[in-house]
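Enquirer: Here you go, this is run.cif (mmCIF, N, CA and C atoms).
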```cif
data_coords
loop_
_atom_site.label_atom_id
_atom_site.label_comp_id
_atom_site.auth_asym_id
_atom_site.auth_seq_id
_atom_site.Cartn_x
_atom_site.Cartn_y
_atom_site.Cartn_z
N GLN A 28 5.36 -37.68 -5.74
CA GLN A 28 4.64 -36.78 -6.64
C GLN A 28 5.12 -35.36 -6.49
N VAL A 29 5.16 -34.68 -7.60
CA VAL A 29 5.52 -33.26 -7.62
C VAL A 29 4.36 -32.51 -8.27
N GLN A 30 3.98 -31.44 -7.65
CA GLN A 30 2.92 -30.60 -8.21
C GLN A 30 3.53 -29.30 -8.72
N LEU A 31 3.09 -28.90 -9.90
CA LEU A 31 3.62 -27.71 -10.55
C LEU A 31 2.47 -26.79 -10.94
N VAL A 32 2.65 -25.52 -10.68
CA VAL A 32 1.64 -24.53 -11.04
C VAL A 32 2.33 -23.36 -11.74
N GLU A 33 1.93 -23.11 -12.98
CA GLU A 33 2.47 -21.98 -13.73
C GLU A 33 1.57 -20.77 -13.55
N SER A 34 2.19 -19.61 -13.68
CA SER A 34 1.44 -18.36 -13.66
C SER A 34 2.19 -17.31 -14.46
N GLY A 35 1.51 -16.23 -14.78
CA GLY A 35 2.17 -15.10 -15.42
C GLY A 35 1.90 -14.91 -16.89
N GLY A 36 1.13 -15.81 -17.48
CA GLY A 36 0.84 -15.65 -18.90
C GLY A 36 -0.07 -14.47 -19.15
N GLY A 37 -0.24 -14.15 -20.42
CA GLY A 37 -1.12 -13.05 -20.78
C GLY A 37 -0.91 -12.60 -22.21
N LEU A 38 -1.44 -11.42 -22.49
CA LEU A 38 -1.35 -10.84 -23.83
C LEU A 38 -0.35 -9.70 -23.81
N VAL A 39 0.55 -9.70 -24.77
CA VAL A 39 1.56 -8.66 -24.85
C VAL A 39 1.81 -8.34 -26.33
N GLN A 40 2.24 -7.12 -26.60
CA GLN A 40 2.55 -6.74 -27.97
C GLN A 40 3.94 -7.21 -28.37
N THR A 41 4.15 -7.29 -29.65
CA THR A 41 5.48 -7.63 -30.16
C THR A 41 6.52 -6.70 -29.57
N GLY A 42 7.61 -7.30 -29.11
CA GLY A 42 8.68 -6.53 -28.49
C GLY A 42 8.54 -6.38 -26.99
N GLY A 43 7.41 -6.79 -26.47
CA GLY A 43 7.17 -6.67 -25.03
C GLY A 43 7.80 -7.79 -24.23
N SER A 44 7.51 -7.76 -22.94
CA SER A 44 8.10 -8.73 -22.00
C SER A 44 7.02 -9.34 -21.12
N LEU A 45 7.29 -10.55 -20.69
CA LEU A 45 6.45 -11.24 -19.71
C LEU A 45 7.35 -12.09 -18.85
N ARG A 46 6.91 -12.31 -17.61
CA ARG A 46 7.64 -13.25 -16.75
C ARG A 46 6.67 -14.34 -16.32
N LEU A 47 7.05 -15.57 -16.60
CA LEU A 47 6.30 -16.72 -16.15
C LEU A 47 6.95 -17.28 -14.89
N SER A 48 6.12 -17.81 -14.02
CA SER A 48 6.62 -18.44 -12.81
C SER A 48 6.11 -19.86 -12.72
N CYS A 49 6.92 -20.73 -12.15
CA CYS A 49 6.54 -22.12 -11.91
C CYS A 49 6.81 -22.42 -10.44
N ALA A 50 5.74 -22.72 -9.71
CA ALA A 50 5.85 -23.08 -8.31
C ALA A 50 5.77 -24.60 -8.18
N ALA A 51 6.77 -25.17 -7.54
CA ALA A 51 6.84 -26.62 -7.37
C ALA A 51 6.62 -26.98 -5.91
N SER A 52 5.89 -28.06 -5.68
CA SER A 52 5.69 -28.55 -4.32
C SER A 52 5.64 -30.07 -4.36
N GLY A 53 5.72 -30.65 -3.17
CA GLY A 53 5.71 -32.11 -3.10
C GLY A 53 7.11 -32.66 -2.96
N ARG A 54 7.31 -33.84 -3.53
CA ARG A 54 8.56 -34.58 -3.37
C ARG A 54 9.63 -34.11 -4.36
N THR A 55 10.15 -32.91 -4.14
CA THR A 55 11.14 -32.36 -5.05
C THR A 55 12.57 -32.69 -4.65
N PHE A 56 12.76 -33.47 -3.60
CA PHE A 56 14.12 -33.70 -3.11
C PHE A 56 14.96 -34.50 -4.09
N SER A 57 14.32 -35.21 -5.02
CA SER A 57 15.08 -35.96 -6.01
C SER A 57 15.01 -35.36 -7.41
N THR A 58 14.41 -34.18 -7.51
CA THR A 58 14.28 -33.54 -8.82
C THR A 58 15.64 -33.12 -9.35
N LYS A 59 15.89 -33.41 -10.61
CA LYS A 59 17.19 -33.11 -11.22
C LYS A 59 17.18 -31.75 -11.93
N ALA A 60 16.07 -31.41 -12.54
CA ALA A 60 16.03 -30.16 -13.32
C ALA A 60 14.58 -29.79 -13.59
N LEU A 61 14.40 -28.54 -14.02
CA LEU A 61 13.08 -28.08 -14.43
C LEU A 61 13.19 -27.47 -15.80
N GLY A 62 12.24 -27.82 -16.64
CA GLY A 62 12.24 -27.29 -17.99
C GLY A 62 10.97 -26.52 -18.28
N TRP A 63 11.09 -25.57 -19.18
CA TRP A 63 9.94 -24.88 -19.74
C TRP A 63 9.76 -25.36 -21.19
N PHE A 64 8.54 -25.66 -21.52
CA PHE A 64 8.18 -26.08 -22.87
C PHE A 64 7.02 -25.21 -23.34
N ARG A 65 6.75 -25.25 -24.63
CA ARG A 65 5.59 -24.54 -25.14
C ARG A 65 4.96 -25.33 -26.27
N GLN A 66 3.68 -25.07 -26.45
CA GLN A 66 2.95 -25.75 -27.52
C GLN A 66 1.98 -24.78 -28.15
N ALA A 67 2.19 -24.54 -29.43
CA ALA A 67 1.29 -23.70 -30.21
C ALA A 67 0.22 -24.57 -30.86
N PRO A 68 -0.90 -23.99 -31.22
CA PRO A 68 -1.97 -24.79 -31.84
C PRO A 68 -1.49 -25.52 -33.08
N GLY A 69 -1.76 -26.80 -33.14
CA GLY A 69 -1.40 -27.61 -34.30
C GLY A 69 0.07 -27.98 -34.37
N LYS A 70 0.82 -27.66 -33.33
CA LYS A 70 2.26 -27.97 -33.34
C LYS A 70 2.61 -28.88 -32.17
N GLN A 71 3.76 -29.51 -32.29
CA GLN A 71 4.24 -30.35 -31.21
C GLN A 71 4.79 -29.50 -30.07
N ARG A 72 4.78 -30.08 -28.89
CA ARG A 72 5.36 -29.41 -27.74
C ARG A 72 6.86 -29.28 -27.97
N GLU A 73 7.40 -28.09 -27.73
CA GLU A 73 8.82 -27.87 -27.97
C GLU A 73 9.52 -27.32 -26.73
N PHE A 74 10.78 -27.68 -26.65
CA PHE A 74 11.64 -27.26 -25.55
C PHE A 74 11.93 -25.78 -25.65
N VAL A 75 11.94 -25.10 -24.50
CA VAL A 75 12.26 -23.68 -24.45
C VAL A 75 13.54 -23.44 -23.64
N ALA A 76 13.56 -23.92 -22.40
CA ALA A 76 14.69 -23.66 -21.52
C ALA A 76 14.69 -24.68 -20.40
N ARG A 77 15.85 -24.83 -19.79
CA ARG A 77 16.00 -25.79 -18.70
C ARG A 77 17.00 -25.25 -17.69
N ILE A 78 16.76 -25.57 -16.43
CA ILE A 78 17.68 -25.20 -15.35
C ILE A 78 17.83 -26.40 -14.43
N THR A 79 19.05 -26.67 -14.03
CA THR A 79 19.24 -27.72 -13.04
C THR A 79 18.61 -27.30 -11.72
N TRP A 80 18.22 -28.28 -10.94
CA TRP A 80 17.45 -27.97 -9.74
C TRP A 80 18.22 -27.07 -8.78
N SER A 81 19.53 -27.21 -8.77
CA SER A 81 20.36 -26.34 -7.93
C SER A 81 20.45 -24.93 -8.49
N GLY A 82 20.08 -24.78 -9.76
CA GLY A 82 20.16 -23.47 -10.40
C GLY A 82 21.49 -23.18 -11.04
N GLY A 83 22.39 -24.16 -11.00
CA GLY A 83 23.74 -23.88 -11.47
C GLY A 83 23.92 -23.88 -12.97
N ASN A 84 23.08 -24.60 -13.68
CA ASN A 84 23.26 -24.71 -15.13
C ASN A 84 21.95 -24.45 -15.86
N THR A 85 22.06 -23.71 -16.94
CA THR A 85 20.90 -23.40 -17.76
C THR A 85 21.17 -23.77 -19.21
N TYR A 86 20.09 -23.96 -19.94
CA TYR A 86 20.20 -24.33 -21.35
C TYR A 86 18.97 -23.80 -22.06
N TYR A 87 19.18 -23.30 -23.29
CA TYR A 87 18.09 -22.66 -24.03
C TYR A 87 17.96 -23.20 -25.44
N ALA A 88 16.75 -23.18 -25.93
CA ALA A 88 16.54 -23.43 -27.35
C ALA A 88 17.11 -22.26 -28.14
N ASP A 89 17.61 -22.55 -29.32
CA ASP A 89 18.20 -21.49 -30.14
C ASP A 89 17.20 -20.37 -30.42
N SER A 90 15.93 -20.74 -30.53
CA SER A 90 14.91 -19.75 -30.88
C SER A 90 14.67 -18.71 -29.80
N VAL A 91 15.10 -18.98 -28.59
CA VAL A 91 14.85 -18.03 -27.49
C VAL A 91 16.14 -17.53 -26.86
N LYS A 92 17.26 -18.07 -27.28
CA LYS A 92 18.54 -17.69 -26.68
C LYS A 92 18.77 -16.19 -26.85
N GLY A 93 19.15 -15.55 -25.76
CA GLY A 93 19.38 -14.11 -25.80
C GLY A 93 18.13 -13.29 -25.52
N ARG A 94 16.97 -13.92 -25.56
CA ARG A 94 15.72 -13.21 -25.28
C ARG A 94 15.06 -13.69 -23.99
N PHE A 95 15.21 -14.98 -23.69
CA PHE A 95 14.58 -15.56 -22.51
C PHE A 95 15.66 -15.90 -21.48
N THR A 96 15.29 -15.80 -20.22
CA THR A 96 16.20 -16.17 -19.13
C THR A 96 15.43 -17.01 -18.12
N ILE A 97 15.98 -18.16 -17.80
CA ILE A 97 15.39 -19.03 -16.78
C ILE A 97 16.24 -18.91 -15.52
N PHE A 98 15.58 -18.78 -14.38
CA PHE A 98 16.34 -18.60 -13.15
C PHE A 98 15.48 -18.97 -11.95
N ARG A 99 16.19 -19.22 -10.86
CA ARG A 99 15.51 -19.46 -9.58
C ARG A 99 15.19 -18.13 -8.93
N ASN A 100 13.93 -17.94 -8.61
CA ASN A 100 13.50 -16.74 -7.91
C ASN A 100 13.36 -17.11 -6.44
N ASN A 101 14.41 -16.88 -5.70
CA ASN A 101 14.42 -17.32 -4.30
C ASN A 101 13.41 -16.54 -3.44
N ALA A 102 13.14 -15.32 -3.84
CA ALA A 102 12.19 -14.52 -3.06
C ALA A 102 10.78 -15.12 -3.13
N LYS A 103 10.43 -15.70 -4.29
CA LYS A 103 9.10 -16.26 -4.47
C LYS A 103 9.10 -17.79 -4.38
N ASN A 104 10.29 -18.37 -4.27
CA ASN A 104 10.43 -19.82 -4.26
C ASN A 104 9.83 -20.43 -5.52
N THR A 105 10.16 -19.82 -6.64
CA THR A 105 9.68 -20.29 -7.94
C THR A 105 10.87 -20.38 -8.90
N ILE A 106 10.63 -21.01 -10.02
CA ILE A 106 11.57 -20.96 -11.13
C ILE A 106 10.87 -20.18 -12.23
N ASP A 107 11.49 -19.08 -12.61
CA ASP A 107 10.85 -18.13 -13.50
C ASP A 107 11.46 -18.19 -14.90
N LEU A 108 10.66 -17.76 -15.84
CA LEU A 108 11.11 -17.61 -17.22
C LEU A 108 10.83 -16.16 -17.62
N GLN A 109 11.88 -15.38 -17.67
CA GLN A 109 11.76 -13.98 -18.09
C GLN A 109 11.86 -13.94 -19.61
N MET A 110 10.82 -13.43 -20.23
CA MET A 110 10.77 -13.41 -21.70
C MET A 110 10.77 -11.95 -22.17
N THR A 111 11.71 -11.62 -23.02
CA THR A 111 11.81 -10.26 -23.56
C THR A 111 11.81 -10.33 -25.09
N SER A 112 11.66 -9.16 -25.70
CA SER A 112 11.65 -9.07 -27.17
C SER A 112 10.73 -10.12 -27.78
N LEU A 113 9.55 -10.22 -27.23
CA LEU A 113 8.61 -11.26 -27.66
C LEU A 113 8.15 -11.06 -29.08
N LYS A 114 7.93 -12.18 -29.76
CA LYS A 114 7.51 -12.19 -31.15
C LYS A 114 6.18 -12.95 -31.27
N PRO A 115 5.45 -12.70 -32.31
CA PRO A 115 4.19 -13.46 -32.48
C PRO A 115 4.40 -14.96 -32.48
N GLU A 116 5.53 -15.42 -32.97
CA GLU A 116 5.80 -16.87 -32.98
C GLU A 116 6.07 -17.45 -31.60
N ASP A 117 6.16 -16.59 -30.59
CA ASP A 117 6.28 -17.08 -29.21
C ASP A 117 4.91 -17.41 -28.61
N THR A 118 3.85 -17.10 -29.33
CA THR A 118 2.51 -17.40 -28.85
C THR A 118 2.32 -18.90 -28.69
N ALA A 119 1.91 -19.31 -27.49
CA ALA A 119 1.76 -20.73 -27.19
C ALA A 119 1.26 -20.89 -25.76
N VAL A 120 0.92 -22.11 -25.42
CA VAL A 120 0.73 -22.46 -24.01
C VAL A 120 2.10 -22.89 -23.48
N TYR A 121 2.49 -22.30 -22.39
CA TYR A 121 3.80 -22.59 -21.79
C TYR A 121 3.61 -23.50 -20.58
N TYR A 122 4.42 -24.54 -20.53
CA TYR A 122 4.36 -25.53 -19.46
C TYR A 122 5.71 -25.63 -18.76
N CYS A 123 5.68 -25.84 -17.45
CA CYS A 123 6.91 -26.22 -16.77
C CYS A 123 6.79 -27.70 -16.41
N ALA A 124 7.94 -28.33 -16.32
CA ALA A 124 7.97 -29.77 -16.07
C ALA A 124 9.26 -30.12 -15.35
N THR A 125 9.20 -31.13 -14.52
CA THR A 125 10.39 -31.54 -13.79
C THR A 125 10.97 -32.84 -14.35
N GLN A 126 12.27 -32.87 -14.33
CA GLN A 126 13.03 -34.06 -14.72
C GLN A 126 13.46 -34.76 -13.45
N GLU A 127 12.97 -35.97 -13.23
CA GLU A 127 13.24 -36.68 -11.99
C GLU A 127 14.34 -37.73 -12.15
N ARG A 128 14.68 -38.05 -13.39
CA ARG A 128 15.67 -39.09 -13.64
C ARG A 128 16.91 -38.49 -14.28
N LEU A 129 18.04 -39.14 -14.06
CA LEU A 129 19.25 -38.77 -14.77
C LEU A 129 19.12 -39.27 -16.21
N VAL A 130 19.38 -38.40 -17.16
CA VAL A 130 19.30 -38.77 -18.57
C VAL A 130 20.52 -38.20 -19.29
N PRO A 131 20.89 -38.79 -20.41
CA PRO A 131 22.00 -38.20 -21.19
C PRO A 131 21.68 -36.77 -21.57
N SER A 132 22.71 -35.96 -21.63
CA SER A 132 22.51 -34.54 -21.94
C SER A 132 21.86 -34.33 -23.29
N THR A 133 22.02 -35.29 -24.17
CA THR A 133 21.42 -35.16 -25.50
C THR A 133 19.91 -35.28 -25.48
N LEU A 134 19.36 -35.69 -24.34
CA LEU A 134 17.91 -35.91 -24.25
C LEU A 134 17.18 -34.84 -23.45
N VAL A 135 17.88 -33.83 -22.94
CA VAL A 135 17.24 -32.90 -22.01
C VAL A 135 16.21 -32.00 -22.68
N THR A 136 16.18 -31.99 -24.01
CA THR A 136 15.15 -31.21 -24.70
C THR A 136 13.94 -32.06 -25.07
N ASP A 137 14.01 -33.34 -24.76
CA ASP A 137 12.93 -34.28 -25.10
C ASP A 137 11.86 -34.25 -24.01
N PRO A 138 10.64 -33.86 -24.33
CA PRO A 138 9.61 -33.77 -23.29
C PRO A 138 9.32 -35.12 -22.62
N THR A 139 9.63 -36.22 -23.27
CA THR A 139 9.31 -37.52 -22.68
C THR A 139 10.19 -37.87 -21.49
N VAL A 140 11.28 -37.13 -21.28
CA VAL A 140 12.11 -37.43 -20.12
C VAL A 140 11.72 -36.61 -18.89
N TYR A 141 10.66 -35.81 -19.06
CA TYR A 141 10.16 -35.02 -17.94
C TYR A 141 8.93 -35.73 -17.37
N ASP A 142 8.87 -35.76 -16.06
CA ASP A 142 7.92 -36.64 -15.40
C ASP A 142 6.65 -35.95 -14.92
N TYR A 143 6.79 -34.75 -14.42
CA TYR A 143 5.63 -34.05 -13.88
C TYR A 143 5.45 -32.73 -14.63
N TRP A 144 4.21 -32.40 -14.89
CA TRP A 144 3.88 -31.22 -15.70
C TRP A 144 2.84 -30.35 -15.01
N GLY A 145 2.98 -29.07 -15.24
CA GLY A 145 1.94 -28.16 -14.80
C GLY A 145 0.81 -28.12 -15.81
N GLN A 146 -0.18 -27.29 -15.51
CA GLN A 146 -1.37 -27.23 -16.36
C GLN A 146 -1.21 -26.29 -17.54
N GLY A 147 -0.17 -25.47 -17.51
CA GLY A 147 0.11 -24.56 -18.62
C GLY A 147 -0.45 -23.17 -18.40
N THR A 148 0.18 -22.20 -19.02
CA THR A 148 -0.29 -20.82 -19.00
C THR A 148 -0.16 -20.25 -20.41
N GLN A 149 -1.19 -19.54 -20.83
CA GLN A 149 -1.24 -19.05 -22.21
C GLN A 149 -0.48 -17.75 -22.35
N VAL A 150 0.33 -17.69 -23.40
CA VAL A 150 1.03 -16.46 -23.77
C VAL A 150 0.61 -16.11 -25.19
N ASN A 151 0.12 -14.90 -25.35
CA ASN A 151 -0.27 -14.41 -26.67
C ASN A 151 0.52 -13.15 -26.98
N VAL A 152 1.19 -13.15 -28.12
CA VAL A 152 1.96 -12.00 -28.56
C VAL A 152 1.30 -11.46 -29.82
N SER A 153 0.81 -10.24 -29.73
CA SER A 153 0.12 -9.65 -30.87
C SER A 153 1.10 -8.89 -31.75
N SER A 154 0.81 -8.91 -33.06
CA SER A 154 1.70 -8.24 -34.01
C SER A 154 1.30 -6.78 -34.21
#
```
Reformat the file's structure so that it appears as structure tokens.
Expert:
Amino acid sequence: QVQLVESGGGLVQTGGSLRLSCAASGRTFSTKALGWFRQAPGKQREFVARITWSGGNTYYADSVKGRFTIFRNNAKNTIDLQMTSLKPEDTAVYYCATQERLVPSTLVTDPTVYDYWGQGTQVNVSS
């Protein structure tokens, strides 16, 4: 089992920044990657960003590329999502999740290949 706890959500104005953190504990020795997803009211959960567990490779949704950065925060022992130039359409509950199995690269944006999920943190961007 892997336990995940997100933090850092809140309310920010358009153009502002927020940093989300995901703290993982438990049996992470076989974890392959960690992804951030988001879900807005009435919408499906969508992929935001992913980082391999070693931190060597990252991948972003087109909608956040150039604005969001996913990285390992070694000082806090977390995987963070730095969000800049925020837009109202970024408003959602943000979740981190771990990928425990090897999957084809074409599937890494599919939430069903992620095994453990945090409880989510709300991000609201006001216009």
Enquirer: Apply the PyMOL selection byres ((chain A and resi 46-48) around 6.5) to the structure shown and report the selected residues as a PyMOL selection string.
Expert: chain A and resi 32-36+44-45+49-50+105-110
Enquirer: Could you check the closest approach to Lys92 of chain A for each of A:Val152, A:Val75, A:Leu113, A:Val140 and tell me which residue wins, using only N, CA and C atoms?
Expert: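 Nearest to Lys92 of chain A: A:Val75.
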Enquirer: Give the answer as one residue: which of A:Ala102, A:Val150, A:Val39, A:Ile97 has the shortest atom-to-atom distance to Ala60 of chain A, using only C-alpha atoms?
Expert: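 Of A:Ala102, A:Val150, A:Val39, A:Ile97, the one nearest Ala60 of chain A, counting only C-alpha atoms, is A:Ile97.
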Enquirer: Could you tell me how far atom CA of Ser90 of chain A lies from atom CA of Gln71 of chain A, in Å and to one decimal?
Expert: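 Result for atom CA of Ser90 of chain A versus atom CA of Gln71 of chain A: 15.0 Å, one decimal.
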Enquirer: On this file, the PyMOL selection byres ((chain A and resi 124) around 6) gives some set of residues; write that set as a PDB file with N, CA and C atoms, in the frame of the given file.
Expert:
```
ATOM      1  N   ALA A  60      16.070 -31.410 -12.540  1.00  0.00           N
ATOM      2  CA  ALA A  60      16.030 -30.160 -13.320  1.00  0.00           C
ATOM      3  C   ALA A  60      14.580 -29.790 -13.590  1.00  0.00           C
ATOM      4  N   LEU A  61      14.400 -28.540 -14.020  1.00  0.00           N
ATOM      5  CA  LEU A  61      13.080 -28.080 -14.430  1.00  0.00           C
ATOM      6  C   LEU A  61      13.190 -27.470 -15.800  1.00  0.00           C
ATOM      7  N   GLY A  62      12.240 -27.820 -16.640  1.00  0.00           N
ATOM      8  CA  GLY A  62      12.240 -27.290 -17.990  1.00  0.00           C
ATOM      9  C   GLY A  62      10.970 -26.520 -18.280  1.00  0.00           C
ATOM     10  N   TRP A  63      11.090 -25.570 -19.180  1.00  0.00           N
ATOM     11  CA  TRP A  63       9.940 -24.880 -19.740  1.00  0.00           C
ATOM     12  C   TRP A  63       9.760 -25.360 -21.190  1.00  0.00           C
ATOM     13  N   PHE A  64       8.540 -25.660 -21.520  1.00  0.00           N
ATOM     14  CA  PHE A  64       8.180 -26.080 -22.870  1.00  0.00           C
ATOM     15  C   PHE A  64       7.020 -25.210 -23.340  1.00  0.00           C
ATOM     16  N   TYR A 122       4.420 -24.540 -20.530  1.00  0.00           N
ATOM     17  CA  TYR A 122       4.360 -25.530 -19.460  1.00  0.00           C
ATOM     18  C   TYR A 122       5.710 -25.630 -18.760  1.00  0.00           C
ATOM     19  N   CYS A 123       5.680 -25.840 -17.450  1.00  0.00           N
ATOM     20  CA  CYS A 123       6.910 -26.220 -16.770  1.00  0.00           C
ATOM     21  C   CYS A 123       6.790 -27.700 -16.410  1.00  0.00           C
ATOM     22  N   THR A 125       9.200 -31.130 -14.520  1.00  0.00           N
ATOM     23  CA  THR A 125      10.390 -31.540 -13.790  1.00  0.00           C
ATOM     24  C   THR A 125      10.970 -32.840 -14.350  1.00  0.00           C
ATOM     25  N   GLN A 126      12.270 -32.870 -14.330  1.00  0.00           N
ATOM     26  CA  GLN A 126      13.030 -34.060 -14.720  1.00  0.00           C
ATOM     27  C   GLN A 126      13.460 -34.760 -13.450  1.00  0.00           C
ATOM     28  N   TYR A 141      10.660 -35.810 -19.060  1.00  0.00           N
ATOM     29  CA  TYR A 141      10.160 -35.020 -17.940  1.00  0.00           C
ATOM     30  C   TYR A 141       8.930 -35.730 -17.370  1.00  0.00           C
ATOM     31  N   ASP A 142       8.870 -35.760 -16.060  1.00  0.00           N
ATOM     32  CA  ASP A 142       7.920 -36.640 -15.400  1.00  0.00           C
ATOM     33  C   ASP A 142       6.650 -35.950 -14.920  1.00  0.00           C
ATOM     34  N   TYR A 143       6.790 -34.750 -14.420  1.00  0.00           N
ATOM     35  CA  TYR A 143       5.630 -34.050 -13.880  1.00  0.00           C
ATOM     36  C   TYR A 143       5.450 -32.730 -14.630  1.00  0.00           C
ATOM     37  N   TRP A 144       4.210 -32.400 -14.890  1.00  0.00           N
ATOM     38  CA  TRP A 144       3.880 -31.220 -15.700  1.00  0.00           C
ATOM     39  C   TRP A 144       2.840 -30.350 -15.010  1.00  0.00           C
ATOM     40  N   GLY A 145       2.980 -29.070 -15.240  1.00  0.00           N
ATOM     41  CA  GLY A 145       1.940 -28.160 -14.800  1.00  0.00           C
ATOM     42  C   GLY A 145       0.810 -28.120 -15.810  1.00  0.00           C
TER      43      GLY A 145
END
```
Enquirer: Smallest atom-to-atom distance to Pro138 of chain A: which of A:Asn100, A:Asn151, A:Asp117, A:Glu73, using all atoms listed in the file?
Expert: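 Of the candidates, the smallest distance to Pro138 of chain A is held by A:Glu73.
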Enquirer: In Å to one decimal, how far is atom CA of Asp137 of chain A from atom CA of Gln40 of chain A?
Expert: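 Calculated distance between atom CA of Gln40 of chain A and atom CA of Asp137 of chain A is 29.6 Å.
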Enquirer: Apply the PyMOL selection byres ((chain A and resi 114) around 7) to the structure shown and report the selected residues as a ChimeraX atom specification.
Expert: /A:40-43,111-113,115-118,152-154
Enquirer: Using all atoms of segment 70-86 of chain A that appear in the file, construct an axis-aligned enclosing box with 8 Å of padding on every side and provide its centre coordinates and edge lengths in Å, rounded to one decimal, as AutoDock Vina command-line options.
Expert:
```
--center_x 12.4 --center_y -26.8 --center_z -20.6 --size_x 39.1 --size_y 23.2 --size_z 41.4
```
Enquirer: One number please: atom CA of Phe74 of chain A to atom CA of Val135 of chain A, in Å, one decimal.
Expert: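 Those two atoms sit 8.7 Å apart.
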